[in-house]
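Participant: For reference, the file start10.cif (mmCIF, C-alpha atoms) is included below:
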data_target
#
loop_
_atom_site.label_atom_id
_atom_site.label_comp_id
_atom_site.auth_asym_id
_atom_site.auth_seq_id
_atom_site.Cartn_x
_atom_site.Cartn_y
_atom_site.Cartn_z
CA MET A 30 70.40 60.88 -0.14
CA GLU A 31 69.43 58.39 -2.83
CA LEU A 32 69.10 54.82 -1.55
CA LEU A 33 68.77 53.35 -5.05
CA GLU A 34 70.15 54.87 -8.22
CA VAL A 35 69.73 53.25 -11.64
CA ARG A 36 71.57 54.80 -14.59
CA ASN A 37 70.93 53.84 -18.22
CA LEU A 38 70.28 50.22 -17.30
CA SER A 39 69.98 47.86 -20.27
CA LYS A 40 69.64 44.13 -20.80
CA TYR A 41 69.56 42.45 -24.20
CA TYR A 42 68.03 39.07 -24.92
CA LYS A 43 67.30 37.51 -28.31
CA THR A 44 63.61 38.37 -28.11
CA PHE A 45 63.56 41.29 -25.65
CA ARG A 46 65.50 44.47 -24.94
CA LEU A 47 65.43 46.51 -21.77
CA GLU A 48 66.56 49.97 -22.88
CA LYS A 49 68.27 52.65 -20.77
CA ILE A 50 66.14 52.56 -17.62
CA SER A 51 67.04 55.42 -15.25
CA PHE A 52 65.55 56.48 -11.92
CA THR A 53 66.43 57.33 -8.33
CA LEU A 54 64.70 56.31 -5.11
CA PRO A 55 65.48 58.40 -2.00
CA LYS A 56 65.76 56.96 1.47
CA GLY A 57 62.44 56.55 3.25
CA TYR A 58 60.23 56.13 0.17
CA ILE A 59 58.31 53.47 -1.77
CA MET A 60 58.36 53.18 -5.56
CA GLY A 61 55.71 51.31 -7.51
CA TYR A 62 57.21 49.66 -10.60
CA VAL A 63 54.36 48.93 -13.01
CA GLY A 64 53.64 47.57 -16.47
CA GLN A 65 52.20 44.59 -18.31
CA ASN A 66 53.56 41.06 -18.09
CA GLY A 67 56.68 40.96 -20.23
CA ALA A 68 57.27 44.71 -19.99
CA GLY A 69 60.63 44.28 -18.23
CA LYS A 70 59.70 44.69 -14.55
CA SER A 71 61.18 41.39 -13.33
CA THR A 72 64.23 41.88 -15.56
CA THR A 73 64.90 45.25 -13.91
CA LEU A 74 64.47 43.85 -10.40
CA ASN A 75 66.67 40.85 -11.21
CA LEU A 76 69.39 43.25 -12.34
CA ILE A 77 69.08 45.29 -9.15
CA THR A 78 69.40 42.14 -7.02
CA ASN A 79 72.25 40.92 -9.24
CA ILE A 80 70.41 37.71 -10.13
CA CYS A 81 71.45 38.45 -13.70
CA LYS A 82 74.06 40.73 -15.25
CA SER A 83 73.26 43.87 -17.23
CA SER A 84 74.24 44.62 -20.80
CA GLY A 85 74.95 48.21 -19.82
CA GLY A 86 74.38 50.87 -17.20
CA GLU A 87 75.03 51.18 -13.49
CA ILE A 88 73.14 50.40 -10.26
CA TYR A 89 73.99 51.90 -6.87
CA VAL A 90 72.45 50.67 -3.62
CA ASP A 91 73.27 52.87 -0.64
CA GLY A 92 76.07 54.48 -2.60
CA ARG A 93 77.89 51.37 -3.87
CA THR A 94 77.78 49.07 -6.86
CA CYS A 95 77.87 45.29 -6.68
CA GLU A 96 81.26 45.33 -8.41
CA GLU A 97 82.73 47.57 -5.72
CA ASP A 98 81.63 45.41 -2.76
CA GLU A 99 79.47 42.41 -3.66
CA ILE A 100 78.89 41.18 -0.10
CA ARG A 101 77.81 44.53 1.36
CA TYR A 102 75.73 45.30 -1.75
CA LYS A 103 73.78 42.04 -1.53
CA GLU A 104 73.40 42.14 2.24
CA ALA A 105 71.75 45.55 1.88
CA ILE A 106 68.96 44.04 -0.26
CA GLY A 107 65.98 41.97 0.82
CA TYR A 108 64.04 40.21 -1.95
CA ILE A 109 60.54 38.70 -1.94
CA GLY A 110 59.03 37.33 -5.15
CA ASP A 111 55.76 35.69 -6.12
CA GLU A 112 57.24 32.20 -5.70
CA PHE A 113 58.17 30.69 -2.35
CA TYR A 114 61.92 30.06 -2.27
CA PHE A 115 62.43 27.79 0.76
CA PRO A 116 62.53 23.95 0.44
CA ASP A 117 59.14 22.28 0.94
CA ASN A 118 60.38 19.94 3.69
CA PHE A 119 61.79 22.77 5.85
CA ARG A 120 60.17 23.94 9.05
CA VAL A 121 60.47 27.42 10.57
CA ARG A 122 63.37 26.31 12.75
CA ASP A 123 65.29 25.00 9.71
CA ILE A 124 64.98 28.35 7.94
CA ARG A 125 66.08 30.11 11.12
CA SER A 126 69.15 27.90 11.37
CA VAL A 127 70.22 28.34 7.74
CA LEU A 128 69.77 32.12 7.68
CA LYS A 129 71.60 32.55 10.98
CA ASP A 130 74.70 30.96 9.49
CA PHE A 131 74.34 32.64 6.09
CA TYR A 132 73.74 36.32 6.91
CA THR A 133 75.95 38.16 9.37
CA THR A 134 73.18 40.63 10.28
CA PHE A 135 70.43 38.02 10.76
CA SER A 136 68.76 38.35 14.17
CA THR A 137 67.27 35.13 15.54
CA GLU A 138 65.43 37.17 18.18
CA ARG A 139 63.77 39.37 15.55
CA PHE A 140 62.91 36.31 13.41
CA ASP A 141 61.31 34.57 16.40
CA GLU A 142 59.38 37.73 17.25
CA LEU A 143 57.98 38.02 13.73
CA THR A 144 57.09 34.37 13.26
CA GLU A 145 55.33 34.33 16.64
CA HIS A 146 53.49 37.57 15.87
CA TRP A 147 52.25 36.12 12.57
CA LYS A 148 51.39 32.77 14.21
CA LEU A 149 53.52 30.69 11.84
CA ASP A 150 53.25 27.08 12.98
CA ARG A 151 56.70 25.76 13.90
CA LYS A 152 55.56 22.13 13.68
CA LEU A 153 54.40 22.19 10.07
CA GLN A 154 56.59 21.70 7.04
CA VAL A 155 56.35 24.84 4.94
CA LYS A 156 54.75 22.90 2.06
CA ASP A 157 51.63 22.81 4.26
CA PHE A 158 51.57 26.58 4.77
CA SER A 159 48.92 28.69 3.05
CA ARG A 160 49.97 31.28 0.48
CA GLY A 161 49.58 34.01 3.09
CA MET A 162 51.70 32.14 5.64
CA LYS A 163 54.45 31.60 3.07
CA VAL A 164 54.55 35.32 2.23
CA LYS A 165 54.73 36.21 5.93
CA LEU A 166 57.58 33.72 6.39
CA MET A 167 59.51 35.31 3.53
CA PHE A 168 58.95 38.73 5.09
CA ALA A 169 60.16 37.43 8.47
CA SER A 170 63.33 36.07 6.86
CA VAL A 171 64.06 39.47 5.28
CA LEU A 172 62.98 41.77 8.10
CA ALA A 173 65.17 39.88 10.57
CA ARG A 174 68.19 41.20 8.65
CA GLU A 175 69.65 44.72 8.53
CA THR A 176 68.62 45.48 4.95
CA LYS A 177 68.36 48.90 3.32
CA LEU A 178 66.35 48.13 0.17
CA LEU A 179 63.35 45.82 -0.05
CA VAL A 180 62.67 44.49 -3.57
CA LEU A 181 59.19 43.02 -4.09
CA ASP A 182 58.31 41.27 -7.35
CA GLU A 183 54.58 40.48 -7.37
CA ALA A 184 54.89 39.41 -3.72
CA THR A 185 51.22 40.10 -2.97
CA ASN A 186 49.86 37.90 -5.79
CA GLY A 187 47.08 35.60 -4.61
CA LEU A 188 46.79 37.09 -1.14
CA ASP A 189 43.42 37.79 0.42
CA PRO A 190 42.63 41.44 1.27
CA VAL A 191 43.36 41.01 4.97
CA VAL A 192 46.87 39.63 4.41
CA ARG A 193 47.53 42.24 1.69
CA ALA A 194 46.62 44.97 4.16
CA GLU A 195 49.08 43.48 6.67
CA VAL A 196 51.81 43.45 4.03
CA LEU A 197 51.19 47.10 3.11
CA LYS A 198 51.35 48.08 6.77
CA THR A 199 54.63 46.15 7.10
CA LEU A 200 56.11 48.08 4.15
CA GLN A 201 55.19 51.41 5.69
CA GLU A 202 56.75 50.35 8.99
CA TYR A 203 59.90 49.24 7.14
CA ILE A 204 60.58 52.75 5.76
CA ALA A 205 59.40 54.63 8.88
CA ASP A 206 62.93 55.34 10.13
CA GLY A 207 63.72 57.28 6.94
CA GLU A 208 66.79 55.15 6.19
CA ARG A 209 65.25 52.35 4.08
CA SER A 210 63.26 52.14 0.86
CA VAL A 211 61.07 49.76 -1.14
CA ILE A 212 60.69 49.09 -4.85
CA PHE A 213 57.45 47.22 -5.41
CA SER A 214 56.29 45.56 -8.63
CA THR A 215 52.62 44.58 -8.59
CA HIS A 216 49.54 44.31 -10.81
CA ILE A 217 47.33 45.40 -7.91
CA LEU A 218 47.71 49.11 -8.58
CA SER A 219 45.18 50.09 -5.91
CA ASP A 220 47.80 48.94 -3.37
CA LEU A 221 50.29 51.41 -4.83
CA GLU A 222 47.76 54.24 -4.60
CA GLN A 223 47.70 53.61 -0.85
CA ILE A 224 51.43 53.47 -0.13
CA ALA A 225 53.63 54.43 -3.12
CA ASP A 226 55.47 57.75 -3.25
CA TYR A 227 56.77 57.31 -6.80
CA ILE A 228 55.49 55.48 -9.87
CA TYR A 229 57.69 54.11 -12.65
CA PHE A 230 55.75 52.81 -15.65
CA ILE A 231 57.55 50.60 -18.15
CA HIS A 232 56.23 49.19 -21.44
CA ASP A 233 58.05 46.90 -23.86
CA GLY A 234 61.37 47.49 -22.10
CA ARG A 235 61.17 51.29 -22.21
CA THR A 236 60.20 54.08 -19.86
CA VAL A 237 56.70 55.51 -20.33
CA LEU A 238 56.14 57.58 -17.17
CA TYR A 239 58.17 58.31 -14.05
CA ASP A 240 57.05 60.80 -11.41
CA ALA A 241 55.91 61.28 -7.84
CA LYS A 242 52.56 59.47 -7.50
CA ASP A 243 50.49 62.50 -6.56
CA GLU A 244 52.00 64.65 -9.30
CA LEU A 245 51.43 61.88 -11.84
CA MET A 246 47.76 61.55 -10.90
CA ASP A 247 47.35 65.34 -11.05
CA SER A 248 48.92 65.41 -14.52
CA PHE A 249 45.93 63.73 -16.21
CA LEU A 250 42.16 63.86 -16.42
CA LEU A 251 39.91 60.90 -17.13
CA VAL A 252 37.53 62.07 -19.86
CA LYS A 253 34.20 60.49 -20.81
CA GLY A 254 31.65 61.47 -23.44
CA GLU A 255 29.92 60.76 -26.73
CA ARG A 256 32.08 59.87 -29.72
CA SER A 257 29.98 62.20 -31.86
CA ALA A 258 31.01 65.17 -29.70
CA LEU A 259 34.73 64.68 -30.37
CA PHE A 260 36.45 67.25 -32.56
CA PRO A 261 39.91 66.81 -34.20
CA GLU A 262 41.98 68.90 -31.78
CA LEU A 263 40.61 67.12 -28.70
CA GLN A 264 40.79 63.68 -30.30
CA LYS A 265 44.46 64.26 -31.11
CA ALA A 266 45.19 65.25 -27.49
CA LEU A 267 43.41 62.27 -25.91
CA ILE A 268 45.46 59.22 -24.89
CA GLY A 269 44.19 55.64 -25.23
CA VAL A 270 40.60 56.16 -26.38
CA ILE A 271 38.44 53.16 -25.41
CA ASP A 272 34.88 52.79 -26.71
CA ASN A 273 32.17 51.54 -24.39
CA ALA A 274 28.37 51.25 -24.28
CA TYR A 275 28.03 54.90 -23.27
CA GLY A 276 30.51 56.47 -25.68
CA PHE A 277 34.24 56.65 -24.99
CA GLU A 278 36.76 56.98 -22.16
CA ALA A 279 40.33 58.30 -22.40
CA ILE A 280 42.90 60.30 -20.45
CA LEU A 281 43.96 63.84 -21.24
CA PRO A 282 47.01 65.78 -20.00
CA SER A 283 45.73 68.29 -17.42
CA GLU A 284 47.50 71.11 -19.23
CA LYS A 285 45.05 70.62 -22.10
CA ALA A 286 41.91 70.80 -19.96
CA ASP A 287 40.84 73.98 -21.77
CA LEU A 288 39.94 71.79 -24.76
CA LEU A 289 37.05 70.23 -22.86
CA THR A 290 33.56 71.57 -23.47
CA ARG A 291 30.38 70.99 -21.47
CA GLU A 292 29.60 67.86 -23.52
CA PHE A 293 32.36 65.97 -21.70
CA HIS A 294 32.62 64.65 -18.15
CA PHE A 295 36.04 64.53 -16.50
CA GLU A 296 37.52 63.41 -13.17
CA LYS A 297 40.82 62.53 -11.56
CA PRO A 298 42.07 59.12 -12.83
CA THR A 299 43.48 56.24 -10.81
CA ILE A 300 46.96 54.87 -11.48
CA ASP A 301 45.25 51.82 -12.98
CA GLN A 302 43.33 53.97 -15.47
CA ILE A 303 46.43 55.92 -16.49
CA VAL A 304 48.32 52.68 -17.16
CA ILE A 305 45.42 51.05 -19.05
CA HIS A 306 44.95 54.01 -21.38
CA TYR A 307 48.67 54.41 -22.05
CA ILE A 308 48.92 50.73 -22.92
CA LYS A 309 45.92 51.12 -25.26
CA GLU A 310 47.66 54.07 -26.91
CA LYS A 311 50.88 52.05 -27.36
CA GLU A 312 48.99 49.09 -28.84
CA ASP A 313 47.08 51.34 -31.25
#
Could you show the structure in this file as structure tokens?
Facilitator:
Amino acid sequence: MELLEVRNLSKYYKTFRLEKISFTLPKGYIMGYVGQNGAGKSTTLNLITNICKSSGGEIYVDGRTCEEDEIRYKEAIGYIGDEFYFPDNFRVRDIRSVLKDFYTTFSTERFDELTEHWKLDRKLQVKDFSRGMKVKLMFASVLARETKLLVLDEATNGLDPVVRAEVLKTLQEYIADGERSVIFSTHILSDLEQIADYIYFIHDGRTVLYDAKDELMDSFLLVKGERSALFPELQKALIGVIDNAYGFEAILPSEKADLLTREFHFEKPTIDQIVIHYIKEKED
């Protein structure tokens, strides 16, 4: 069953248009939502969390829309962004007290277990927490609730590799029961290569690519070679040609691999390389 379903989602601003975004995310999976700054990632996630209203389209979380049952819809979602959202003068106990009274499914026992496990100092005001401690506190506040969908908007920005690894492990544990899912926007695409099941690539408010991660990576080849060796048919098939000191680099749909001759080197691309070359193609 689909945990998240987005149908023809649109949002119109004076200077930006999000156009007919559609995808599904099954239960028990992680989706990486990628693109440049300003591509529409945060707009999409804000529409899913109902922070802002859409100009068109529908969003279903666990089979219901926000209009059908706003309380149950919102309680099913946990959100963590790149900015810390608790007041600076709060301590861990203050956050515990507020959330206990605000969310019906909030477990004080689970919150205490998480904050103790992550060694979050109960005596400090949260303004004195490190970036990593603040992210862990936001995760504790969400994971202590009975959520179905975790929405992450650049939540791992500025984290050191050790804390990022802890976060990625936490996400995998979150979906382990097969009943919950994660949609994860990040610029650190190597993280998505480790944990994502699906990739949705958006550029300038429109869909570019959407597929299972492994199938997406198998759909392209990273091609390198001398510019002088390029011939018209191959040059037309290449996506996002970038010149460098050694010649050029581009991606090529795997179905056109028969165009490659021995003058060219090719290998499997990373998600990062696919995105970079598609953006180059769009800009050109």
Participant: For region 70-123 of chain A versus region 177-190 of chain A, which residues have an atom no more than 7 Å away, and what is each residue's nearest atom pair and distance in Å rounded to one decimal, using all atoms listed in the file, chain-then-number order, as CSV?
Facilitator:
residue,atom,partner,partner_atom,distance
A:Ser71,CA,A:Asp182,CA,6.6
A:Ala105,CA,A:Lys177,CA,5.0
A:Ile106,CA,A:Leu178,CA,4.9
A:Gly107,CA,A:Leu179,CA,4.7
A:Tyr108,CA,A:Val180,CA,4.8
A:Ile109,CA,A:Leu181,CA,5.0
A:Gly110,CA,A:Asp182,CA,4.6
A:Asp111,CA,A:Ala184,CA,4.5
Participant: What's the separation between CA of Arg174 (chain A) and CA of Asp98 (chain A), in Å to one decimal place?
Facilitator: 18.1 Å
Participant: Expressed in Å to a single decimal, how great is the separation between CA of Ala194 (chain A) and CA of Pro298 (chain A)?
Facilitator: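 Taking CA of Ala194 (chain A) and CA of Pro298 (chain A), their separation equals 22.6 Å.
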Participant: Just want the 10 Å neighbourhood of Lys129 (chain A), counted on only C-alpha atoms, with same-chain residues fewer than 5 positions away dropped. Output as a list in words.
Facilitator: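 Contacts, with the query itself left out: Asp123, Ile124, Thr134, Phe135, Ser136, Thr137, Phe140, Ser170, Ala173 and Arg174 of chain A.
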Participant: Within 8 Å of Ser84 (chain A), counting only C-alpha atoms, which residues qualify if same-chain residues fewer than 2 places away don't, as a PyMOL selection string?
Facilitator: chain A and resi 38-41+82+86
Participant: Could you tell me which of A:Phe260, A:Phe113, A:Tyr239, A:Phe45 comes closest to Gly161 (chain A) if we count all atoms listed in the file?
Facilitator: A:Phe113
Participant: Taking 3 positions as the minimum chain separation for residues in the same chain, which residues sit within 12 Å of Arg125 (chain A) when counting only C-alpha atoms? Answer as a list in words.
Facilitator: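 So, after excluding close chain neighbours, the residues are Phe115, Phe119, Arg120, Val121, Arg122, Leu128, Lys129, Asp130, Phe131, Tyr132, Phe135, Ser136, Thr137, Glu138, Arg139, Phe140, Asp141, Glu142, Leu143, Thr144, Arg151, Leu166, Met167, Ala169, Ser170, Val171, Ala173 and Arg174 of chain A.
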Participant: Output C-alpha atoms of each residue in that selection to a file, as a compact mmCIF listing (two decimals), keeping the file's coordinate frame.
Facilitator:
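Everything below was put into result.txt:
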# COMPACT_ATOMS: atom_id res chain seq x y z
CA PHE A 115 62.43 27.79 0.76
CA PHE A 119 61.79 22.77 5.85
CA ARG A 120 60.17 23.94 9.05
CA VAL A 121 60.47 27.42 10.57
CA ARG A 122 63.37 26.31 12.75
CA LEU A 128 69.77 32.12 7.68
CA LYS A 129 71.60 32.55 10.98
CA ASP A 130 74.70 30.96 9.49
CA PHE A 131 74.34 32.64 6.09
CA TYR A 132 73.74 36.32 6.91
CA PHE A 135 70.43 38.02 10.76
CA SER A 136 68.76 38.35 14.17
CA THR A 137 67.27 35.13 15.54
CA GLU A 138 65.43 37.17 18.18
CA ARG A 139 63.77 39.37 15.55
CA PHE A 140 62.91 36.31 13.41
CA ASP A 141 61.31 34.57 16.40
CA GLU A 142 59.38 37.73 17.25
CA LEU A 143 57.98 38.02 13.73
CA THR A 144 57.09 34.37 13.26
CA ARG A 151 56.70 25.76 13.90
CA LEU A 166 57.58 33.72 6.39
CA MET A 167 59.51 35.31 3.53
CA ALA A 169 60.16 37.43 8.47
CA SER A 170 63.33 36.07 6.86
CA VAL A 171 64.06 39.47 5.28
CA ALA A 173 65.17 39.88 10.57
CA ARG A 174 68.19 41.20 8.65
Participant: Could you list, as JSON, numbers by chain, every residue matched by the PyMOL selection byres ((chain A and resi 199-210) around 8) in this structure?
Facilitator: {"A": [32, 54, 55, 56, 57, 58, 59, 176, 177, 178, 179, 195, 196, 197, 198, 211, 212, 224]}
Participant: Return as lines of an AutoDock Vina configuration file the box centre and box size in Å, one decimal, for an axis-aligned box around all listed atoms of region 186-198 of chain A padded by 6 Å per side.
Facilitator:
center_x = 47.2
center_y = 41.8
center_z = 0.5
size_x = 21.2
size_y = 24.5
size_z = 24.6
Participant: Let me make sure I understand: among A:Glu175, A:Asp247, A:Pro261, A:Val155, which one has the smallest atom-to-atom distance to Glu284 (chain A) if we use all atoms listed in the file?
Facilitator: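 Of A:Glu175, A:Asp247, A:Pro261, A:Val155, the one nearest Glu284 (chain A) is A:Asp247, counting all atoms listed in the file.
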